[in-house]
Structures are given as C-alpha cells and as structure tokens.
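Peer 1: Got work-v9.cif for you, mmCIF, C-alpha atoms:
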data_structure
#
loop_
_atom_site.label_atom_id
_atom_site.label_comp_id
_atom_site.auth_asym_id
_atom_site.auth_seq_id
_atom_site.Cartn_x
_atom_site.Cartn_y
_atom_site.Cartn_z
CA MET O 28 55.49 0.65 -49.40
CA LEU O 29 57.76 0.57 -46.37
CA TRP O 30 57.47 -2.24 -43.84
CA LEU O 31 58.71 -1.62 -40.34
CA SER O 32 59.38 -4.24 -37.74
CA PRO O 33 56.79 -4.66 -34.97
CA THR O 34 59.25 -3.24 -32.46
CA THR O 35 59.20 0.15 -34.18
CA ALA O 36 55.44 0.51 -33.89
CA PRO O 37 54.25 3.33 -31.63
CA CYS O 38 53.98 2.24 -28.01
CA ASN O 39 50.46 3.63 -27.50
CA THR O 40 48.83 1.19 -29.96
CA SER O 41 47.03 -1.91 -28.81
CA ALA O 42 48.77 -5.27 -28.44
CA ARG O 43 46.96 -6.71 -31.47
CA LEU O 44 48.30 -4.00 -33.77
CA GLN O 45 51.84 -4.56 -32.49
CA GLN O 46 51.75 -8.18 -33.71
CA PHE O 47 51.64 -7.08 -37.36
CA PRO O 48 54.10 -4.92 -39.31
CA VAL O 49 53.15 -1.28 -39.66
CA MET O 50 52.76 -0.07 -43.23
CA PHE O 51 53.23 3.53 -44.34
CA ALA O 52 52.36 5.09 -47.68
CA LEU O 53 55.32 6.93 -49.10
CA ARG O 54 54.04 9.62 -51.41
CA ALA O 55 54.51 12.95 -49.63
CA SER O 56 56.63 11.55 -46.80
CA ALA O 57 59.20 10.13 -49.22
CA ARG O 58 59.52 13.49 -50.92
CA ARG O 59 60.01 15.23 -47.56
CA SER O 60 62.59 12.71 -46.40
CA ALA O 61 64.46 12.97 -49.70
CA ASP O 62 64.50 16.77 -49.33
CA ALA O 63 65.72 16.43 -45.75
CA GLY O 64 68.46 14.04 -46.84
CA ARG O 65 69.54 16.45 -49.56
CA ARG O 66 69.64 19.31 -47.03
CA LEU O 67 71.73 17.22 -44.62
CA LEU O 68 74.14 16.39 -47.40
CA GLN O 69 74.42 20.05 -48.35
CA ASN O 70 75.01 21.04 -44.72
CA ALA O 71 77.74 18.43 -44.43
CA GLN O 72 79.40 19.84 -47.53
CA GLY O 73 79.01 23.40 -46.26
CA VAL O 74 76.72 24.50 -49.13
CA ARG O 75 73.54 26.04 -47.75
CA GLY O 76 72.79 29.23 -49.59
CA ILE O 77 74.18 32.62 -50.38
CA ARG O 78 74.08 35.49 -47.91
CA ILE O 79 72.82 38.72 -49.47
CA GLY O 80 71.64 41.70 -47.44
CA ASN O 81 71.88 39.91 -44.06
CA THR O 82 69.56 37.19 -45.36
CA GLU O 83 70.34 33.68 -46.50
CA VAL O 84 68.82 33.20 -49.95
CA PRO O 85 68.31 29.69 -51.34
CA ASP O 86 70.80 28.59 -53.96
CA ASP O 87 68.56 26.04 -55.68
CA LYS O 88 66.05 28.61 -57.01
CA LYS O 89 66.34 31.11 -59.82
CA LEU O 90 67.74 34.49 -58.90
CA ALA O 91 64.49 36.47 -59.23
CA TYR O 92 62.77 34.16 -56.72
CA SER O 93 65.79 33.93 -54.42
CA LEU O 94 65.94 37.71 -54.05
CA GLN O 95 62.30 37.74 -52.90
CA HIS O 96 63.38 35.94 -49.71
CA ILE O 97 64.94 39.22 -48.59
CA LYS O 98 62.47 41.31 -46.60
CA GLY O 99 61.62 44.44 -48.57
CA ILE O 100 62.32 42.99 -52.02
CA GLY O 101 59.31 41.82 -53.99
CA ARG O 102 58.76 40.60 -57.50
CA SER O 103 59.11 43.92 -59.30
CA THR O 104 62.13 45.05 -57.26
CA ALA O 105 63.91 41.73 -57.91
CA ARG O 106 63.33 42.12 -61.66
CA GLN O 107 64.50 45.72 -61.51
CA ILE O 108 67.74 44.70 -59.76
CA LEU O 109 68.44 42.03 -62.37
CA CYS O 110 67.78 44.48 -65.22
CA GLU O 111 70.05 47.15 -63.71
CA LEU O 112 72.90 44.68 -63.27
CA GLN O 113 72.21 42.96 -66.61
CA ILE O 114 72.34 39.53 -64.96
CA GLU O 115 70.25 36.76 -66.47
CA ASN O 116 67.74 34.93 -64.31
CA LYS O 117 69.74 31.77 -63.57
CA PRO O 118 69.96 29.56 -60.46
CA THR O 119 71.65 31.37 -57.61
CA ARG O 120 74.40 28.77 -57.23
CA GLU O 121 75.63 29.54 -60.76
CA LEU O 122 76.56 33.15 -59.90
CA SER O 123 80.18 34.09 -60.35
CA GLY O 124 82.05 35.93 -57.61
CA ILE O 125 81.92 39.24 -59.48
CA GLU O 126 78.16 38.94 -60.10
CA LEU O 127 77.62 38.10 -56.45
CA GLU O 128 79.54 41.17 -55.25
CA LEU O 129 77.67 43.41 -57.72
CA LEU O 130 74.38 41.95 -56.51
CA ARG O 131 75.25 42.51 -52.84
CA ASP O 132 76.23 46.13 -53.52
CA GLU O 133 73.04 46.77 -55.51
CA VAL O 134 70.76 45.24 -52.86
CA LEU O 135 72.25 47.54 -50.22
CA ASN O 136 70.86 50.53 -52.16
CA TYR O 137 67.31 49.42 -51.30
CA ASN O 138 65.40 49.65 -48.03
CA ILE O 139 65.58 46.03 -46.82
CA GLY O 140 65.51 43.88 -43.70
CA HIS O 141 65.49 45.60 -40.33
CA ASN O 142 65.23 49.05 -41.94
CA VAL O 143 61.74 48.17 -43.25
CA ASP O 144 60.59 47.32 -39.72
CA GLN O 145 62.11 50.52 -38.30
CA GLU O 146 60.46 52.66 -40.95
CA THR O 147 57.05 51.08 -40.34
CA ALA O 148 57.38 51.50 -36.57
CA SER O 149 58.41 55.15 -36.94
CA CYS O 150 55.44 55.86 -39.23
CA ILE O 151 53.05 54.35 -36.68
CA LYS O 152 54.68 56.34 -33.85
CA ARG O 153 54.23 59.53 -35.88
CA LEU O 154 50.54 58.74 -36.47
CA VAL O 155 50.04 58.11 -32.74
CA ALA O 156 51.91 61.29 -31.80
CA ILE O 157 49.78 63.55 -34.00
CA GLN O 158 46.59 61.85 -32.74
CA SER O 159 45.34 61.03 -36.23
CA TYR O 160 42.44 58.65 -36.80
CA ARG O 161 44.78 55.89 -37.91
CA GLY O 162 47.04 56.45 -34.88
CA ILE O 163 44.10 56.19 -32.50
CA ARG O 164 42.98 52.96 -34.20
CA HIS O 165 46.51 51.53 -33.85
CA VAL O 166 46.52 52.33 -30.12
CA ALA O 167 43.07 50.77 -29.68
CA GLY O 168 44.09 47.67 -31.62
CA LEU O 169 41.34 48.06 -34.21
CA PRO O 170 41.47 47.96 -38.03
CA CYS O 171 42.75 51.20 -39.56
CA ARG O 172 41.52 50.89 -43.13
CA GLY O 173 37.75 51.04 -42.85
CA GLN O 174 36.91 47.39 -42.26
CA ARG O 175 33.77 46.58 -40.29
CA THR O 176 34.23 45.62 -36.65
CA SER O 177 30.79 44.53 -35.49
CA THR O 178 31.17 40.97 -36.77
CA ASN O 179 34.74 40.69 -38.04
CA ALA O 180 38.19 42.05 -37.12
CA ARG O 181 39.09 38.97 -35.09
CA THR O 182 42.78 39.32 -35.97
CA ARG O 183 43.12 42.90 -34.74
CA LYS O 184 40.93 42.33 -31.67
CA ASN O 185 42.83 39.13 -30.73
CA ARG O 186 39.66 37.10 -30.48
CA GLY O 187 39.56 33.32 -30.81
CA THR O 188 37.45 31.23 -33.11
CA PRO O 189 33.69 31.36 -32.52
CA PHE O 190 33.46 27.65 -31.74
CA ALA O 191 36.31 27.49 -29.24
CA ALA O 192 33.83 27.38 -26.33
CA PHE O 193 32.16 24.27 -27.77
CA LYS O 194 35.27 22.10 -27.95
CA MET O 195 34.77 18.65 -26.50
CA THR O 196 36.89 17.96 -23.45
CA SER O 197 37.72 14.46 -22.32
CA HIS O 198 36.41 13.57 -18.87
CA ARG O 199 38.55 10.96 -17.15
#
With the file now loaded, output its structure as structure tokens.
Peer 2:
Amino acid sequence: MLWLSPTTAPCNTSARLQQFPVMFALRASARRSADAGRRLLQNAQGVRGIRIGNTEVPDDKKLAYSLQHIKGIGRSTARQILCELQIENKPTRELSGIELELLRDEVLNYNIGHNVDQETASCIKRLVAIQSYRGIRHVAGLPCRGQRTSTNARTRKNRGTPFAAFKMTSHR
C-alpha cells in the first residue's frame, strides 16, 4: 500500500477526503510503473530495440515474436525466416552482429511494411476500375465478403452504437 500526503490528493475531491491520506492499491499500477521505469532506464542507456525492415522490434522478446512486429510478417513467415537462416529462437538482444545483418537481408526479401499497404491499395483500385462486385462494394463502403447488412455492418457503414442516443446528459 502506498500512502500519499493530503496535499497530493486530487483537487476536485471534497474537503473531508482531503483531511485523510489517499491510499492506492498497487497490483497492476506497480507493474506498469516498474515497466515504465525500466523503459526510461533503457532509453537513458540508449538501448530500445533493434531496427529491422524499417520497424523497431522489441529486444526483450524471443526472435520469432519480435519479427511479428514487422507489418507483413506473421507467425509462419517468422518461423520460416529463422529456419532459412538456421538461427535459434533466442531473445533479440542476444543476436550477434553477423546474425543481425543476415536477418535484415533476409527480411528485405519479403513484402513488408509500406509495400503491403501499396499492394492492398492497388488491388482495390483495380477492382474499382474493372467495376467488379467487390469494387462497387468498396466504393459504397459496404462489406465485400457476403456479410449481412440489414442489422449489422456497423464498422463498414460508420454507424455508432445503438444506445448512443440514450446517453444521459448532465443538465446544469
């Protein structure tokens, strides 16, 4: 338990609550503050992560999971890269310089990052240009893969929640 002085209590509480110390439970918040302290220490030392394929991958996770932070590389592709390079699945910070260079060169052989976005956008433009069913649905902002639209499709139609109109407003 952490006891704070009455002067550090939030200013919007009543005067009676400000007379007593404020008590906070420290389960999840302690873990978050410890993680934040560790990150600050790493930033001060200059150790943040490793840059592979224009993406900063975390150095505290194993290599197969770190590679999945790169857009366009999933679980199977990460395993395939590790098998091709014959690198064991160890924490990213334990990579040697040679392994790191080999990994960077191998990752560049895949369609990653901004190229994935460009390829998706060009595919959608092609569908719109040929006036296919899927292209028309993209233009209309409706689901393209056969989902029902009479009651659902809120994400594609940009509709709010059904109870947004019933929110209570404060009258002052």
Peer 1: Quick one: residues within 6 Å of O:Leu90, all atoms listed in the file counted, chain neighbours fewer than 4 positions away excluded, as a list of chain:residue names?
Peer 2: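 Once the nearby chain positions are removed, what remains is O:Asn116, O:Lys117, O:Pro118, O:Thr119.
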Peer 1: For O:Ala105, which residue among O:Ser93, O:Asn179, O:Asn142, O:Ser149 is the nearest when counting only C-alpha atoms?
Peer 2: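 The closest residue to O:Ala105 is O:Ser93.
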Peer 1: Measuring between only C-alpha atoms, which one of O:Arg164, O:Arg172, O:Lys152, O:His141 shows the shortest distance to O:Asn81?
Peer 2: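 Comparing O:Arg164, O:Arg172, O:Lys152, O:His141 against O:Asn81, the winner is O:His141.
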Peer 1: Quick one: of O:Leu130, O:Thr182, O:Leu169, O:Asn138, who's nearest to O:Glu115, counting all atoms listed in the file?
Peer 2: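 So, comparing all the options, the nearest one is O:Leu130.
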Peer 1: Evaluate the PyMOL selection byres ((chain O and resi 140) around 7) here and jot the selected residues down as a PyMOL selection string.
Peer 2: chain O and resi 97-99+139+141-143
Peer 1: Just C-alpha atoms for this one: save the residues we selected as an mmCIF file, keeping the file's coordinate frame.
Peer 2:
data_model
loop_
_atom_site.group_PDB
_atom_site.id
_atom_site.type_symbol
_atom_site.label_atom_id
_atom_site.label_comp_id
_atom_site.auth_asym_id
_atom_site.auth_seq_id
_atom_site.Cartn_x
_atom_site.Cartn_y
_atom_site.Cartn_z
ATOM 1 C CA ILE O 97 64.940 39.220 -48.590
ATOM 2 C CA LYS O 98 62.470 41.310 -46.600
ATOM 3 C CA GLY O 99 61.620 44.440 -48.570
ATOM 4 C CA ILE O 139 65.580 46.030 -46.820
ATOM 5 C CA HIS O 141 65.490 45.600 -40.330
ATOM 6 C CA ASN O 142 65.230 49.050 -41.940
ATOM 7 C CA VAL O 143 61.740 48.170 -43.250
#
Peer 1: Given the file above and the PyMOL selection byres ((chain O and resi 120-122) around 8), which residues are selected, and can you give them as a list in words?
Peer 2: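 Applying the PyMOL selection byres ((chain O and resi 120-122) around 8) to the structure shown produces Gly76, Ile77, Asp86, Asp87, Lys117, Pro118, Thr119, Ser123, Gly124, Glu126 and Leu127 of chain O.
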Peer 1: List every protein, DNA or RNA residue that has an atom no more than 8 Å from (65.9, 48.0, -57.3) in the file's coordinate frame, counting all atoms listed in the file, and report them as a PyMOL selection string.
Peer 2: chain O and resi 104-108+111+133-134+136-137
Peer 1: What does the distance between atom CA of O:Ile79 and atom CA of O:Gly101 come to in Å, to one decimal place?
Peer 2: 14.6 Å
Peer 1: Record the distance separating atom CA of O:Ser159 and atom CA of O:Lys184, expressed in Å with one decimal.
Peer 2: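 A separation of 19.7 Å between them.
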Peer 1: Atom CA of O:Gly162 and atom CA of O:Arg175, how far apart in Å?
Peer 2: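 For atom CA of O:Arg175 relative to atom CA of O:Gly162, the distance reads 17.4 Å.
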Peer 1: For O:Leu109, which of O:Ala167, O:Leu129, O:Val155, O:Val84 is the closest residue, counting all atoms listed in the file?
Peer 2: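 Of all the options, O:Leu129 lies closest to O:Leu109.
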Peer 1: When you look at O:Ala180 with a cut-off of 10 Å (counting all atoms listed in the file), what residues show up, excluding the ones that are within fewer than 6 positions of it in the same chain? I need them as a list in words.
Peer 2: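 Near O:Ala180, the qualifying residues are Gly168, Leu169, Pro170, Gln174 and Arg186 of chain O.
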Peer 1: With only C-alpha atoms as the atoms that count, which of O:Ile125, O:Arg153, O:Arg161, O:Arg131 lies nearest to O:Leu94?
Peer 2: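 Distance minimum relative to O:Leu94 lands on O:Arg131.
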Peer 1: Add whatever atoms are absent from stretch 125-136 of chain O to reach all heavy atoms, and provide the output as a tab-separated table (two decimals), in the coordinates of the input.
Peer 2:
chain	number	residue	atom	x	y	z
O	125	ILE	N	82.11	37.82	-59.12
O	125	ILE	CA	81.92	39.24	-59.48
O	125	ILE	C	80.45	39.59	-59.49
O	125	ILE	O	80.04	40.64	-58.97
O	125	ILE	CB	82.56	39.50	-60.87
O	125	ILE	CG1	84.07	39.26	-60.79
O	125	ILE	CG2	82.25	40.90	-61.35
O	125	ILE	CD1	84.75	39.24	-62.14
O	126	GLU	N	79.62	38.70	-60.07
O	126	GLU	CA	78.16	38.94	-60.10
O	126	GLU	C	77.60	38.99	-58.69
O	126	GLU	O	76.73	39.80	-58.39
O	126	GLU	CB	77.47	37.85	-60.91
O	126	GLU	CG	77.73	37.90	-62.38
O	126	GLU	CD	77.13	36.72	-63.11
O	126	GLU	OE1	76.98	35.64	-62.50
O	126	GLU	OE2	76.83	36.89	-64.31
O	127	LEU	N	78.11	38.14	-57.83
O	127	LEU	CA	77.62	38.10	-56.45
O	127	LEU	C	77.95	39.40	-55.71
O	127	LEU	O	77.11	39.96	-55.01
O	127	LEU	CB	78.22	36.90	-55.72
O	127	LEU	CG	77.71	36.63	-54.32
O	127	LEU	CD1	76.21	36.41	-54.33
O	127	LEU	CD2	78.40	35.41	-53.75
O	128	GLU	N	79.16	39.91	-55.89
O	128	GLU	CA	79.54	41.17	-55.25
O	128	GLU	C	78.73	42.34	-55.80
O	128	GLU	O	78.29	43.22	-55.05
O	128	GLU	CB	81.03	41.43	-55.44
O	128	GLU	CG	81.91	40.54	-54.59
O	128	GLU	CD	81.60	40.66	-53.10
O	128	GLU	OE1	81.42	41.79	-52.60
O	128	GLU	OE2	81.52	39.61	-52.44
O	129	LEU	N	78.51	42.36	-57.12
O	129	LEU	CA	77.67	43.41	-57.72
O	129	LEU	C	76.25	43.35	-57.16
O	129	LEU	O	75.64	44.38	-56.87
O	129	LEU	CB	77.64	43.26	-59.24
O	129	LEU	CG	78.90	43.66	-60.00
O	129	LEU	CD1	78.77	43.29	-61.46
O	129	LEU	CD2	79.14	45.16	-59.85
O	130	LEU	N	75.73	42.13	-57.02
O	130	LEU	CA	74.38	41.95	-56.51
O	130	LEU	C	74.27	42.42	-55.06
O	130	LEU	O	73.32	43.11	-54.69
O	130	LEU	CB	73.98	40.47	-56.63
O	130	LEU	CG	72.56	40.10	-56.31
O	130	LEU	CD1	71.61	40.77	-57.29
O	130	LEU	CD2	72.38	38.61	-56.35
O	131	ARG	N	75.26	42.08	-54.24
O	131	ARG	CA	75.25	42.51	-52.84
O	131	ARG	C	75.30	44.03	-52.72
O	131	ARG	O	74.59	44.63	-51.91
O	131	ARG	CB	76.43	41.90	-52.09
O	131	ARG	CG	76.24	40.45	-51.78
O	131	ARG	CD	77.42	39.88	-51.04
O	131	ARG	NE	77.19	38.49	-50.70
O	131	ARG	CZ	78.13	37.58	-50.61
O	131	ARG	NH1	79.39	37.90	-50.84
O	131	ARG	NH2	77.84	36.34	-50.30
O	132	ASP	N	76.13	44.67	-53.55
O	132	ASP	CA	76.23	46.13	-53.52
O	132	ASP	C	74.93	46.78	-53.97
O	132	ASP	O	74.50	47.79	-53.41
O	132	ASP	CB	77.38	46.61	-54.40
O	132	ASP	CG	78.74	46.21	-53.83
O	132	ASP	OD1	78.80	45.93	-52.61
O	132	ASP	OD2	79.72	46.16	-54.59
O	133	GLU	N	74.29	46.20	-55.00
O	133	GLU	CA	73.04	46.77	-55.51
O	133	GLU	C	71.90	46.62	-54.51
O	133	GLU	O	71.08	47.52	-54.33
O	133	GLU	CB	72.66	46.10	-56.84
O	133	GLU	CG	71.42	46.65	-57.49
O	133	GLU	CD	71.57	48.10	-57.94
O	133	GLU	OE1	72.69	48.54	-58.23
O	133	GLU	OE2	70.53	48.79	-57.99
O	134	VAL	N	71.83	45.48	-53.82
O	134	VAL	CA	70.76	45.24	-52.86
O	134	VAL	C	70.86	46.20	-51.68
O	134	VAL	O	69.85	46.62	-51.11
O	134	VAL	CB	70.79	43.76	-52.40
O	134	VAL	CG1	69.95	43.54	-51.16
O	134	VAL	CG2	70.30	42.86	-53.52
O	135	LEU	N	72.07	46.60	-51.33
O	135	LEU	CA	72.25	47.54	-50.22
O	135	LEU	C	71.69	48.93	-50.52
O	135	LEU	O	71.47	49.71	-49.60
O	135	LEU	CB	73.73	47.64	-49.85
O	135	LEU	CG	74.33	46.40	-49.18
O	135	LEU	CD1	75.80	46.61	-48.91
O	135	LEU	CD2	73.59	46.06	-47.91
O	136	ASN	N	71.45	49.23	-51.79
O	136	ASN	CA	70.86	50.53	-52.16
O	136	ASN	C	69.37	50.61	-51.85
O	136	ASN	O	68.79	51.68	-51.90
O	136	ASN	CB	71.07	50.81	-53.65
O	136	ASN	CG	72.53	50.98	-53.98
O	136	ASN	OD1	73.34	51.33	-53.12
O	136	ASN	ND2	72.88	50.71	-55.22
